[in-house]
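Trainee: Below is the file model-v9.cif, which contains mmCIF, C-alpha atoms.
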data_structure
loop_
_atom_site.label_atom_id
_atom_site.label_comp_id
_atom_site.auth_asym_id
_atom_site.auth_seq_id
_atom_site.Cartn_x
_atom_site.Cartn_y
_atom_site.Cartn_z
CA MET A 9 -29.22 121.57 140.68
CA THR A 10 -31.96 119.52 139.10
CA GLN A 11 -35.01 121.32 137.72
CA VAL A 12 -38.35 119.53 137.54
CA LEU A 13 -40.50 120.32 134.50
CA PHE A 14 -44.20 119.51 134.10
CA PRO A 15 -45.24 119.42 130.45
CA ASP A 16 -49.01 119.33 129.76
CA THR A 17 -48.78 117.24 126.60
CA LEU A 18 -46.68 114.40 125.25
CA ASP A 19 -45.50 116.62 122.38
CA GLN A 20 -44.24 119.15 124.91
CA ALA A 21 -42.50 116.40 126.84
CA VAL A 22 -40.74 115.12 123.71
CA ALA A 23 -39.72 118.69 122.79
CA LEU A 24 -38.32 119.27 126.30
CA LEU A 25 -36.36 116.02 126.06
CA ALA A 26 -34.93 117.21 122.73
CA ASP A 27 -33.97 120.55 124.29
CA HIS A 28 -32.29 118.84 127.27
CA PRO A 29 -30.76 115.60 126.00
CA GLU A 30 -29.35 114.72 129.42
CA ALA A 31 -32.77 115.09 131.06
CA ARG A 32 -34.71 112.08 132.28
CA PRO A 33 -38.45 111.52 132.05
CA ILE A 34 -39.92 110.63 135.44
CA ALA A 35 -43.12 108.65 135.98
CA GLY A 36 -44.11 107.52 139.50
CA GLY A 37 -40.61 108.03 140.89
CA ALA A 38 -40.51 104.73 142.76
CA THR A 39 -37.13 103.84 141.25
CA LEU A 40 -35.72 107.08 139.87
CA VAL A 41 -36.13 109.09 143.08
CA ALA A 42 -34.58 106.25 145.08
CA MET A 43 -31.61 106.38 142.68
CA ARG A 44 -31.43 110.16 143.12
CA ASN A 45 -31.42 109.71 146.90
CA ALA A 46 -28.55 107.24 146.57
CA GLY A 47 -26.59 109.72 144.44
CA LEU A 48 -26.81 107.50 141.36
CA VAL A 49 -28.53 110.01 139.07
CA ASP A 50 -27.78 113.67 138.71
CA SER A 51 -29.47 115.10 135.65
CA SER A 52 -30.07 118.78 134.92
CA HIS A 53 -33.79 118.22 134.45
CA LEU A 54 -36.45 115.73 135.39
CA ILE A 55 -39.36 115.81 132.97
CA SER A 56 -42.41 114.70 134.94
CA LEU A 57 -45.17 112.94 133.02
CA ASP A 58 -47.50 113.53 135.99
CA ARG A 59 -49.69 116.26 134.46
CA ILE A 60 -50.05 114.91 130.94
CA ALA A 61 -53.70 114.03 130.30
CA GLY A 62 -54.55 110.61 128.88
CA LEU A 63 -51.58 108.66 130.24
CA ARG A 64 -53.44 107.14 133.19
CA GLY A 65 -55.77 104.20 133.18
CA ILE A 66 -56.72 101.16 131.14
CA GLU A 67 -59.15 101.47 128.23
CA ARG A 68 -60.71 98.93 125.92
CA LEU A 69 -60.12 99.79 122.25
CA ALA A 70 -62.80 99.30 119.58
CA ASP A 71 -61.15 96.04 118.43
CA GLY A 72 -61.10 94.62 121.97
CA ARG A 73 -57.44 95.24 122.71
CA LEU A 74 -56.61 97.01 125.98
CA ARG A 75 -54.49 100.12 126.12
CA VAL A 76 -52.66 100.71 129.41
CA GLY A 77 -51.45 104.30 129.71
CA ALA A 78 -47.82 104.52 130.75
CA MET A 79 -48.72 106.39 133.96
CA THR A 80 -51.20 103.76 135.17
CA ARG A 81 -50.23 102.87 138.74
CA HIS A 82 -49.65 99.29 139.83
CA ALA A 83 -52.56 99.61 142.29
CA ASP A 84 -54.96 100.41 139.44
CA THR A 85 -53.65 97.61 137.24
CA ALA A 86 -53.86 95.16 140.15
CA GLY A 87 -57.52 96.10 140.63
CA SER A 88 -58.62 96.30 136.99
CA ASP A 89 -61.65 94.17 136.03
CA LEU A 90 -60.68 94.53 132.35
CA LEU A 91 -57.70 92.20 132.83
CA THR A 92 -59.33 88.76 132.62
CA GLY A 93 -58.50 85.32 131.16
CA SER A 94 -55.24 85.45 129.25
CA LEU A 95 -54.51 88.90 130.75
CA MET A 96 -55.02 87.93 134.39
CA VAL A 97 -51.25 87.35 134.41
CA VAL A 98 -50.67 91.11 134.11
CA ARG A 99 -53.10 91.85 136.90
CA LYS A 100 -51.47 89.26 139.16
CA ALA A 101 -47.99 90.59 138.46
CA ALA A 102 -49.09 94.15 139.27
CA GLY A 103 -50.48 93.00 142.63
CA MET A 104 -47.16 91.38 143.60
CA ILE A 105 -44.94 94.40 143.00
CA ALA A 106 -43.27 95.60 146.21
CA ASN A 107 -46.04 96.46 148.68
CA LYS A 108 -49.35 98.29 148.85
CA VAL A 109 -47.80 101.71 149.41
CA VAL A 110 -45.31 101.47 146.54
CA ARG A 111 -48.12 100.20 144.30
CA ASN A 112 -49.82 103.56 144.88
CA MET A 113 -46.80 105.26 143.31
CA GLY A 114 -45.09 103.12 140.68
CA THR A 115 -46.41 102.97 137.12
CA MET A 116 -46.33 100.35 134.36
CA GLY A 117 -44.53 102.72 131.98
CA GLY A 118 -41.90 103.60 134.55
CA SER A 119 -41.25 99.99 135.42
CA VAL A 120 -41.05 98.86 131.79
CA ALA A 121 -38.82 101.79 130.81
CA ASN A 122 -36.45 101.00 133.67
CA ALA A 123 -36.33 97.36 132.48
CA ASP A 124 -35.01 95.88 135.71
CA PRO A 125 -34.55 92.20 134.80
CA ALA A 126 -35.96 91.10 138.15
CA ALA A 127 -39.05 93.32 138.03
CA ASP A 128 -42.47 91.77 137.57
CA TYR A 129 -44.10 93.31 134.50
CA LEU A 130 -41.69 92.23 131.77
CA PRO A 131 -42.35 88.47 132.00
CA ALA A 132 -46.09 89.08 132.46
CA LEU A 133 -46.21 91.34 129.40
CA ALA A 134 -44.09 88.88 127.42
CA CYS A 135 -46.57 86.13 128.25
CA ALA A 136 -49.42 88.43 127.19
CA ASP A 137 -47.79 89.46 123.87
CA ALA A 138 -47.88 93.16 124.74
CA VAL A 139 -46.84 95.90 122.33
CA LEU A 140 -45.07 99.01 123.59
CA SER A 141 -45.73 102.44 122.08
CA PHE A 142 -42.99 105.06 121.97
CA LEU A 143 -43.16 108.73 120.98
CA GLY A 144 -40.02 110.57 119.94
CA PRO A 145 -38.84 113.42 117.75
CA GLU A 146 -39.24 111.17 114.67
CA GLY A 147 -42.83 110.32 115.62
CA ALA A 148 -44.57 107.32 117.14
CA ARG A 149 -43.59 103.66 116.77
CA ASP A 150 -44.60 100.33 118.26
CA VAL A 151 -42.24 97.64 119.52
CA PRO A 152 -43.35 94.08 120.42
CA ILE A 153 -42.39 93.21 123.98
CA LEU A 154 -40.07 90.37 122.92
CA ASP A 155 -37.98 92.81 120.83
CA TYR A 156 -37.76 95.33 123.65
CA VAL A 157 -34.96 94.22 126.00
CA GLN A 158 -31.65 94.05 124.12
CA ASP A 159 -29.15 93.56 126.94
CA TRP A 160 -28.89 94.18 130.67
CA TYR A 161 -30.82 97.46 131.20
CA GLU A 162 -30.55 98.17 127.47
CA THR A 163 -33.79 98.45 125.56
CA ALA A 164 -35.21 99.48 122.20
CA LEU A 165 -36.32 102.78 123.77
CA GLU A 166 -34.00 105.36 122.21
CA PRO A 167 -32.76 108.50 123.93
CA GLY A 168 -35.31 111.23 123.25
CA GLU A 169 -38.21 108.77 123.18
CA ILE A 170 -40.94 108.37 125.79
CA LEU A 171 -42.84 105.15 126.46
CA THR A 172 -46.48 106.24 126.19
CA ALA A 173 -48.60 103.10 126.38
CA ILE A 174 -48.63 99.32 126.63
CA THR A 175 -51.20 97.62 124.41
CA LEU A 176 -52.45 94.14 125.27
CA PRO A 177 -54.30 91.78 122.90
CA ALA A 178 -58.01 91.32 123.57
CA PRO A 179 -58.33 88.96 126.54
CA GLU A 180 -58.91 85.33 125.53
CA ALA A 181 -60.75 82.71 127.52
CA ALA A 182 -57.67 81.23 129.14
CA ALA A 183 -56.28 80.74 132.62
CA SER A 184 -53.21 82.82 133.36
CA THR A 185 -51.18 83.77 136.39
CA TYR A 186 -47.85 85.00 137.65
CA ARG A 187 -45.69 83.48 140.32
CA LYS A 188 -42.40 84.63 141.73
CA ILE A 189 -39.84 83.20 144.07
CA ALA A 190 -38.59 86.00 146.30
CA ARG A 191 -36.62 86.13 149.53
CA VAL A 192 -39.29 88.08 151.37
CA SER A 193 -42.73 89.49 150.53
CA GLY A 194 -42.35 92.48 148.22
CA ASP A 195 -38.81 91.77 147.09
CA TYR A 196 -37.76 91.63 143.47
CA ALA A 197 -37.96 88.14 141.98
CA THR A 198 -35.13 85.64 142.33
CA ALA A 199 -36.93 83.93 139.45
CA SER A 200 -40.47 84.32 138.16
CA CYS A 201 -42.87 82.63 135.81
CA ALA A 202 -45.76 84.12 133.82
CA MET A 203 -48.05 81.52 132.27
CA ALA A 204 -51.25 81.35 130.23
CA LEU A 205 -53.07 78.09 129.54
CA THR A 206 -55.44 78.18 126.55
CA ALA A 207 -59.14 77.42 127.03
CA ASP A 208 -58.88 74.01 125.33
CA GLY A 209 -56.23 73.05 127.86
CA GLN A 210 -53.79 72.22 125.07
CA GLY A 211 -51.55 75.26 124.67
CA LEU A 212 -49.21 77.17 126.95
CA ARG A 213 -47.54 80.55 126.81
CA VAL A 214 -44.70 80.88 129.31
CA ALA A 215 -42.27 83.68 130.09
CA ILE A 216 -39.53 83.42 132.70
CA GLY A 217 -38.29 86.52 134.52
CA ALA A 218 -35.12 87.42 136.46
CA CYS A 219 -33.01 84.77 134.68
CA GLY A 220 -31.39 86.95 132.02
CA PRO A 221 -31.42 90.53 130.74
CA GLY A 222 -35.03 90.23 129.59
CA PRO A 223 -37.98 87.85 129.82
CA ILE A 224 -37.38 84.40 128.32
CA ARG A 225 -39.94 82.94 125.96
CA ASP A 226 -39.63 80.24 123.29
CA ARG A 227 -42.55 80.08 120.85
CA ASP A 228 -41.14 77.03 119.02
CA ALA A 229 -40.92 75.10 122.27
CA GLU A 230 -44.48 76.21 123.10
CA ALA A 231 -45.67 74.88 119.73
CA ALA A 232 -43.87 71.56 120.32
CA LEU A 233 -45.53 71.23 123.71
CA HIS A 234 -49.02 71.88 122.31
CA GLY A 235 -51.34 69.00 123.19
CA HIS A 236 -48.77 67.31 125.44
CA LEU A 237 -49.31 69.20 128.67
CA HIS A 238 -50.14 66.07 130.64
CA ASP A 239 -46.93 64.36 129.50
CA ALA A 240 -44.39 65.06 132.23
CA GLY A 241 -41.53 64.25 129.87
CA ALA A 242 -42.73 66.80 127.32
CA VAL A 243 -43.09 69.45 130.04
CA ALA A 244 -39.56 68.66 131.27
CA GLU A 245 -38.25 69.01 127.72
CA PHE A 246 -40.05 72.34 127.40
CA ALA A 247 -38.54 73.57 130.68
CA ALA A 248 -35.09 72.46 129.51
CA ALA A 249 -35.51 74.61 126.38
CA LEU A 250 -36.16 77.67 128.54
CA VAL A 251 -33.26 76.81 130.86
CA ALA A 252 -31.01 76.69 127.77
CA LEU A 253 -32.07 80.24 126.88
CA ALA A 254 -31.50 81.58 130.41
CA ASP A 255 -28.45 83.67 131.25
CA PRO A 256 -28.78 84.35 134.97
CA VAL A 257 -26.30 86.10 137.23
CA ASP A 258 -25.14 85.39 140.76
CA ASP A 259 -26.43 88.12 143.03
CA VAL A 260 -27.72 88.76 146.52
CA ARG A 261 -31.06 87.10 145.67
CA GLY A 262 -29.56 83.82 144.55
CA SER A 263 -26.86 82.13 142.51
CA ALA A 264 -27.14 81.60 138.79
CA GLU A 265 -27.18 77.85 139.43
CA TYR A 266 -30.08 78.19 141.86
CA ARG A 267 -32.03 80.27 139.35
CA LEU A 268 -31.54 77.64 136.64
CA ALA A 269 -32.82 75.02 139.08
CA LEU A 270 -35.89 77.15 139.82
CA ILE A 271 -37.07 77.42 136.20
CA PRO A 272 -38.39 73.84 135.73
CA ARG A 273 -39.82 73.82 139.24
CA LEU A 274 -41.68 77.09 138.64
CA ILE A 275 -43.11 75.79 135.37
CA THR A 276 -44.38 72.59 137.02
CA LEU A 277 -45.76 74.54 139.97
CA VAL A 278 -47.63 77.14 137.92
CA LEU A 279 -48.96 74.56 135.46
CA ALA A 280 -50.34 72.57 138.38
CA GLU A 281 -52.01 75.76 139.58
CA LEU A 282 -53.60 76.59 136.21
CA ASN A 283 -54.79 73.13 135.14
CA PRO A 284 -57.55 72.86 137.78
CA VAL A 285 -58.59 76.45 137.09
CA MET A 286 -59.15 75.57 133.44
CA GLU A 287 -60.85 72.27 134.23
CA ALA A 288 -63.23 74.00 136.62
CA ALA A 289 -64.14 76.64 134.00
CA MET B 25 -25.74 128.64 147.14
CA ALA B 26 -28.17 126.60 145.13
CA LYS B 27 -31.30 128.37 143.95
CA LYS B 28 -34.45 127.35 145.75
CA ALA B 29 -37.94 126.86 144.42
CA LEU B 30 -41.06 128.07 146.20
CA PHE B 31 -43.88 125.57 146.64
CA THR B 32 -47.37 125.95 148.10
CA LEU B 33 -48.49 122.71 149.73
CA THR B 34 -51.80 121.80 151.32
CA LEU B 35 -50.43 120.16 154.42
CA ASN B 36 -52.79 118.83 157.08
CA GLY B 37 -55.53 121.07 155.74
CA GLU B 38 -53.53 124.32 155.65
CA ASP B 39 -51.84 126.07 152.74
CA THR B 40 -48.15 126.12 153.55
CA GLU B 41 -45.39 127.85 151.61
CA VAL B 42 -41.91 126.41 151.59
CA ALA B 43 -38.68 127.15 149.72
CA THR B 44 -36.61 124.06 148.90
CA ALA B 45 -34.35 122.67 146.21
CA PRO B 46 -36.48 122.28 143.05
CA ASP B 47 -36.03 118.50 143.11
CA ALA B 48 -36.38 118.06 146.87
CA THR B 49 -38.33 115.02 147.96
CA LEU B 50 -41.42 115.50 150.06
CA LEU B 51 -39.56 113.94 152.97
CA GLU B 52 -36.75 116.50 152.70
CA THR B 53 -39.29 119.30 152.47
CA LEU B 54 -41.34 118.10 155.43
CA ARG B 55 -38.48 117.34 157.78
CA ASP B 56 -35.77 119.79 156.78
CA GLY B 57 -37.89 122.62 155.35
CA LEU B 58 -40.97 122.60 157.56
CA GLY B 59 -39.87 120.77 160.71
CA VAL B 60 -42.65 118.22 160.33
CA LEU B 61 -40.91 115.29 161.97
CA SER B 62 -43.41 112.43 162.16
CA PRO B 63 -42.28 111.02 158.80
CA LYS B 64 -38.92 109.41 159.51
CA ARG B 65 -35.94 109.12 157.23
CA GLY B 66 -35.04 105.44 157.47
CA CYS B 67 -33.66 103.97 154.26
CA ASN B 68 -34.47 106.92 151.93
CA GLN B 69 -34.95 104.20 149.29
CA GLY B 70 -38.65 103.47 149.60
CA VAL B 71 -38.08 100.18 151.37
CA CYS B 72 -38.67 100.75 155.07
CA GLY B 73 -41.95 102.69 155.08
CA ALA B 74 -41.00 104.97 157.98
CA CYS B 75 -41.63 108.06 155.81
CA THR B 76 -45.16 107.02 154.79
CA VAL B 77 -47.59 109.95 154.41
CA LEU B 78 -51.05 110.24 152.87
CA ILE B 79 -51.52 112.03 149.56
CA ASP B 80 -55.20 112.45 148.67
CA GLY B 81 -55.89 109.79 151.30
CA LEU B 82 -53.54 107.17 149.85
CA PRO B 83 -50.36 106.12 151.65
CA VAL B 84 -47.18 106.85 149.65
CA ARG B 85 -43.47 107.09 150.35
CA ALA B 86 -42.48 110.70 151.08
CA CYS B 87 -38.86 109.81 150.28
CA LEU B 88 -39.79 108.79 146.72
CA THR B 89 -42.17 111.69 146.04
CA LEU B 90 -40.93 114.91 144.47
CA THR B 91 -42.26 117.96 146.32
CA ALA B 92 -42.94 119.65 142.98
CA ARG B 93 -45.66 117.16 142.11
CA CYS B 94 -47.45 117.61 145.45
CA GLU B 95 -48.84 121.08 144.77
CA GLY B 96 -52.63 120.93 144.56
CA HIS B 97 -52.86 117.63 146.45
CA ASP B 98 -54.04 116.97 150.00
CA LEU B 99 -51.04 115.99 152.15
CA ARG B 100 -51.49 114.41 155.57
CA THR B 101 -48.94 113.42 158.17
CA MET B 102 -49.49 112.16 161.73
CA GLU B 103 -49.43 115.80 162.86
CA GLY B 104 -52.73 116.23 161.00
CA MET B 105 -54.50 113.19 162.44
CA ASN B 106 -55.21 114.53 165.94
CA SER B 107 -58.95 114.90 165.42
CA ASP B 108 -59.40 111.53 163.72
CA PRO B 109 -61.17 109.10 166.09
CA VAL B 110 -60.10 106.03 164.09
CA MET B 111 -56.46 107.06 164.42
CA ALA B 112 -56.93 107.68 168.14
CA THR B 113 -58.26 104.15 168.52
CA LEU B 114 -55.36 102.70 166.53
CA GLN B 115 -52.88 104.65 168.65
CA ARG B 116 -54.43 103.48 171.93
CA HIS B 117 -54.30 99.84 170.82
CA MET B 118 -50.71 100.23 169.64
CA VAL B 119 -49.78 101.34 173.15
CA GLU B 120 -51.89 98.68 174.90
CA SER B 121 -50.59 95.83 172.72
CA GLY B 122 -46.97 96.85 173.04
CA GLY B 123 -46.81 97.70 169.32
CA VAL B 124 -44.56 100.68 170.04
CA GLN B 125 -40.99 100.18 171.16
CA CYS B 126 -38.44 102.59 169.72
CA GLY B 127 -41.21 104.32 167.77
CA PHE B 128 -39.32 104.94 164.56
CA CYS B 129 -41.69 102.90 162.36
CA THR B 130 -44.84 103.91 164.26
CA SER B 131 -46.00 106.91 162.19
CA GLY B 132 -45.70 104.95 158.97
CA MET B 133 -47.34 101.87 160.48
CA LEU B 134 -50.28 103.94 161.74
CA LEU B 135 -50.87 105.70 158.42
CA SER B 136 -50.76 102.40 156.50
CA ALA B 137 -53.12 100.88 159.08
CA ARG B 138 -55.45 103.90 158.89
CA ASN B 139 -55.70 103.51 155.11
CA LEU B 140 -56.37 99.78 155.51
CA LEU B 141 -59.26 100.39 157.91
CA ALA B 142 -60.70 103.00 155.52
CA GLU B 143 -60.76 100.38 152.76
CA THR B 144 -61.45 97.26 154.85
CA PRO B 145 -63.04 97.98 158.24
CA ARG B 146 -62.73 94.37 159.49
CA PRO B 147 -59.58 92.96 157.87
CA SER B 148 -58.38 89.42 158.51
CA ARG B 149 -55.00 88.98 160.20
CA GLU B 150 -53.53 88.01 156.84
CA THR B 151 -54.91 91.18 155.25
CA VAL B 152 -53.39 93.27 158.04
CA LYS B 153 -50.02 91.61 157.53
CA SER B 154 -50.19 92.20 153.80
CA ALA B 155 -51.23 95.85 154.21
CA LEU B 156 -48.34 96.48 156.63
CA SER B 157 -45.79 94.46 154.65
CA GLY B 158 -44.22 97.66 153.31
CA ASN B 159 -43.53 98.98 156.83
CA LEU B 160 -40.49 97.49 158.50
CA CYS B 161 -40.11 97.27 162.29
CA ARG B 162 -36.86 96.14 163.88
CA CYS B 163 -38.16 95.96 167.46
CA THR B 164 -41.50 94.29 167.94
CA GLY B 165 -41.45 91.24 165.70
CA TYR B 166 -44.74 92.58 164.26
CA ARG B 167 -47.13 90.39 166.21
CA THR B 168 -48.07 93.13 168.66
CA ILE B 169 -48.59 95.60 165.81
CA VAL B 170 -50.90 93.19 163.97
CA ASP B 171 -52.71 92.60 167.29
CA ALA B 172 -53.17 96.34 167.71
CA VAL B 173 -54.69 96.84 164.26
CA CYS B 174 -56.99 93.81 164.65
CA ASN B 175 -58.11 94.93 168.10
CA ALA B 176 -58.75 98.48 166.88
CA ALA B 177 -60.79 97.14 163.95
CA GLU B 178 -62.82 94.95 166.29
CA GLU B 179 -63.55 97.90 168.60
CA LEU B 180 -64.42 100.27 165.74
CA THR B 181 -66.56 97.78 163.79
CA PRO B 182 -67.94 95.31 166.35
#
Will you turn the file into structure tokens for me?
Mentor:
Amino acid sequence: MTQVLFPDTLDQAVALLADHPEARPIAGGATLVAMRNAGLVDSSHLISLDRIAGLRGIERLADGRLRVGAMTRHADTAGSDLLTGSLMVVRKAAGMIANKVVRNMGTMGGSVANADPAADYLPALACADAVLSFLGPEGARDVPILDYVQDWYETALEPGEILTAITLPAPEAAASTYRKIARVSGDYATASCAMALTADGQGLRVAIGACGPGPIRDRDAEAALHGHLHDAGAVAEFAAALVALADPVDDVRGSAEYRLALIPRLITLVLAELNPVMEAA
Amino acid sequence: MAKKALFTLTLNGEDTEVATAPDATLLETLRDGLGVLSPKRGCNQGVCGACTVLIDGLPVRACLTLTARCEGHDLRTMEGMNSDPVMATLQRHMVESGGVQCGFCTSGMLLSARNLLAETPRPSRETVKSALSGNLCRCTGYRTIVDAVCNAAEELTP
């Protein structure tokens, strides 16, 4: 028999999690309730974050950074005018998750905490250099997105901790977007690509999703590519560096080999999409 | 016997008490606890859309929603749409276009379509397809359903 608890504050939620170590925090429920229905989770307590004030919505901080509350729904992120330029990639990713109805339920915190390798936010947040905020019995701490995923479904989020917010750098004048290859509309990605092209048209930030336990990004390769974006050979070399970092699996959405073949194609495709956007701006 | 929890839900405009498992989904509560049968249990995984209901006017999956978090919110199922003229128009066009065959997806389709027309009175065909992309139909091939929604929109907002 699973009890559902509704703490009013984050401190209460952390205390409840300490009292019931086998309990699970629940955000929008889009994944966890589906797992419950399939008989894959059976915990004594679900600790709902639904009634905790201040966890919903996107706010601009005094220094220009944006703070996305963990309970912000995909529909709100997909429609947020605050996500511009270099952060458009996060907005685009939110709008491609599942379908309109599920986007009314699922939250950024829930999706990130679940860390499904084929889900859409992780590559988008990796491209945007997001920082995740956790609260636990030892207090609050921040983890950069690239240090977050440690192995398949294993993350830096410790038992007893709750993901409270995702902080994004102040939006830069850049063109950014998210593209995924999926079997049908609304499916998880077979492979995905989050990309930001700097305003001078010289620099790229790229994160690949669904081709390993976590998003793939290579800052050294990005630095080497700087200023050479119109050199097809340099772009191919860059893509090869990301392919070398990939560790995809064979599954129902595609073979590992197919995923590796998608990576360079996605990079070329998305770059071709962003270049004219930047030139027009 | 497992201990039940008592919930007070605002369902189709009326306060309704129901005793269910504390972690029951809204779909379990509606169908098994209250006998409200328009939301269908298809996949029970949030994929098929047959259980779609409106919470505070927004379509959500009843199978992925915990009943406990629904207290204090406005819940609507097809049973509560009888006096809604927009829904009546959608229903008539669904019948006329042949958008209803076995009927299992129809409640969910109609509620998603109703929400679409509330947000976008004259949607393009592509917008209709996108809005209904979370509702699966195994009979019609979708064309007749998209026709129905487009025709209803045209009639309602000439």
Trainee: Evaluated on this file, the PyMOL selection byres ((chain B) within 7 of (chain A)) picks out some residues - which ones are they, written as a short mmCIF file (atom, residue, chain, number, x, y, z; two decimals) with C-alpha atoms, in the frame of the given file?
Mentor:
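What landed in result-v2.cif:
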data_model
loop_
_atom_site.label_atom_id
_atom_site.label_comp_id
_atom_site.auth_asym_id
_atom_site.auth_seq_id
_atom_site.Cartn_x
_atom_site.Cartn_y
_atom_site.Cartn_z
CA ALA B 26 -28.17 126.60 145.13
CA PRO B 46 -36.48 122.28 143.05
CA ASP B 47 -36.03 118.50 143.11
CA ASN B 68 -34.47 106.92 151.93
CA GLN B 69 -34.95 104.20 149.29
CA GLY B 70 -38.65 103.47 149.60
CA PRO B 83 -50.36 106.12 151.65
CA VAL B 84 -47.18 106.85 149.65
CA ARG B 85 -43.47 107.09 150.35
CA LEU B 88 -39.79 108.79 146.72
CA THR B 89 -42.17 111.69 146.04
CA ALA B 155 -51.23 95.85 154.21
CA SER B 157 -45.79 94.46 154.65
CA GLY B 158 -44.22 97.66 153.31
#
Trainee: Could the centre and edge lengths of an axis-aligned box, enclosing all atoms of segment 111-114 of chain A in the file with 4 Å extra on each side, be given in Å to one decimal as AutoDock Vina command-line options?
Mentor:
--center_x -47.5 --center_y 102.7 --center_z 142.8 --size_x 12.7 --size_y 13.1 --size_z 12.2
Trainee: Please provide the set of residues having any atom within 12 Å of Asn175 of chain B, restricted to all atoms listed in the file, with same-chain residues fewer than 3 positions apart removed, written as an MDAnalysis selection string.
Mentor: chainID B and resid 110 113:121 123 137 141 145:149 152 168:172 178:182
Trainee: Which residues, written as number ranges by chain, have at least one atom at most 9 Å from Asp84 of chain A, with only C-alpha atoms counted and residues fewer than 3 positions away on the same chain left out?
Mentor: A: 65-66, 80-81, 87-88, 102, 111-112
Trainee: Which residues come within 8 Å of Leu274 of chain A, counting only C-alpha atoms, excluding same-chain residues fewer than 2 positions away, as a compact mmCIF listing (two decimals) with C-alpha atoms, keeping the file's coordinate frame?
Mentor:
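Full text of out.txt as output:
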# COMPACT_ATOMS: atom_id res chain seq x y z
CA ARG A 187 -45.69 83.48 140.32
CA SER A 200 -40.47 84.32 138.16
CA CYS A 201 -42.87 82.63 135.81
CA LEU A 270 -35.89 77.15 139.82
CA ILE A 271 -37.07 77.42 136.20
CA PRO A 272 -38.39 73.84 135.73
CA THR A 276 -44.38 72.59 137.02
CA LEU A 277 -45.76 74.54 139.97
CA VAL A 278 -47.63 77.14 137.92
Trainee: For the provided coordinates, the residues matched by the PyMOL selection byres ((chain B and resi 101) around 9) should be stated as a ChimeraX atom specification.
Mentor: /B:35-36,60,62-63,76-78,99-100,102-105,131,135
Trainee: Could you tell me which of A:Arg73, A:His238, A:Arg225, A:Arg68 comes closest to Leu130 of chain A if we count only C-alpha atoms?
Mentor: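 Smallest separation from Leu130 of chain A among the options: A:Arg225.
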Trainee: If you measure from atom CA of Gly59 of chain B to atom CA of Glu38 of chain B, what distance in Å do you get, rounded to one decimal?
Mentor: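 Interatomic distance here is 15.0 Å.
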Trainee: Would you output segment 118-127 of chain B from that structure, restricted to N, CA, C and O atoms, as a tab-separated table (two decimals), in the first residue's frame?
Mentor:
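Okay, this is what ended up in part25.tsv:
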chain	number	residue	atom	x	y	z
B	118	MET	N	-17.90	14.32	-36.02
B	118	MET	CA	-17.22	13.01	-35.91
B	118	MET	C	-18.10	11.92	-36.51
B	118	MET	O	-17.63	11.04	-37.23
B	119	VAL	N	-19.40	12.00	-36.23
B	119	VAL	CA	-20.32	11.00	-36.78
B	119	VAL	C	-20.44	11.15	-38.29
B	119	VAL	O	-20.31	10.18	-39.05
B	120	GLU	N	-20.63	12.41	-38.75
B	120	GLU	CA	-20.85	12.64	-40.18
B	120	GLU	C	-19.62	12.29	-41.02
B	120	GLU	O	-19.75	11.83	-42.16
B	121	SER	N	-18.43	12.51	-40.47
B	121	SER	CA	-17.20	12.24	-41.23
B	121	SER	C	-16.79	10.78	-41.16
B	121	SER	O	-15.82	10.40	-41.81
B	122	GLY	N	-17.42	10.02	-40.32
B	122	GLY	CA	-16.97	8.64	-40.13
B	122	GLY	C	-15.74	8.57	-39.24
B	122	GLY	O	-14.92	7.66	-39.36
B	123	GLY	N	-15.62	9.52	-38.30
B	123	GLY	CA	-14.47	9.55	-37.39
B	123	GLY	C	-14.62	8.61	-36.22
B	123	GLY	O	-13.71	8.50	-35.41
B	124	VAL	N	-15.79	7.97	-36.13
B	124	VAL	CA	-16.02	7.02	-35.03
B	124	VAL	C	-16.20	5.63	-35.63
B	124	VAL	O	-17.09	5.43	-36.47
B	125	GLN	N	-15.34	4.71	-35.24
B	125	GLN	CA	-15.60	3.31	-35.64
B	125	GLN	C	-15.84	2.50	-34.36
B	125	GLN	O	-16.95	2.43	-33.87
B	126	CYS	N	-14.79	1.94	-33.79
B	126	CYS	CA	-15.06	1.17	-32.56
B	126	CYS	C	-15.38	2.06	-31.38
B	126	CYS	O	-16.01	1.64	-30.43
B	127	GLY	N	-14.90	3.33	-31.41
B	127	GLY	CA	-15.27	4.29	-30.39
B	127	GLY	C	-14.34	4.37	-29.19
B	127	GLY	O	-14.49	5.26	-28.35
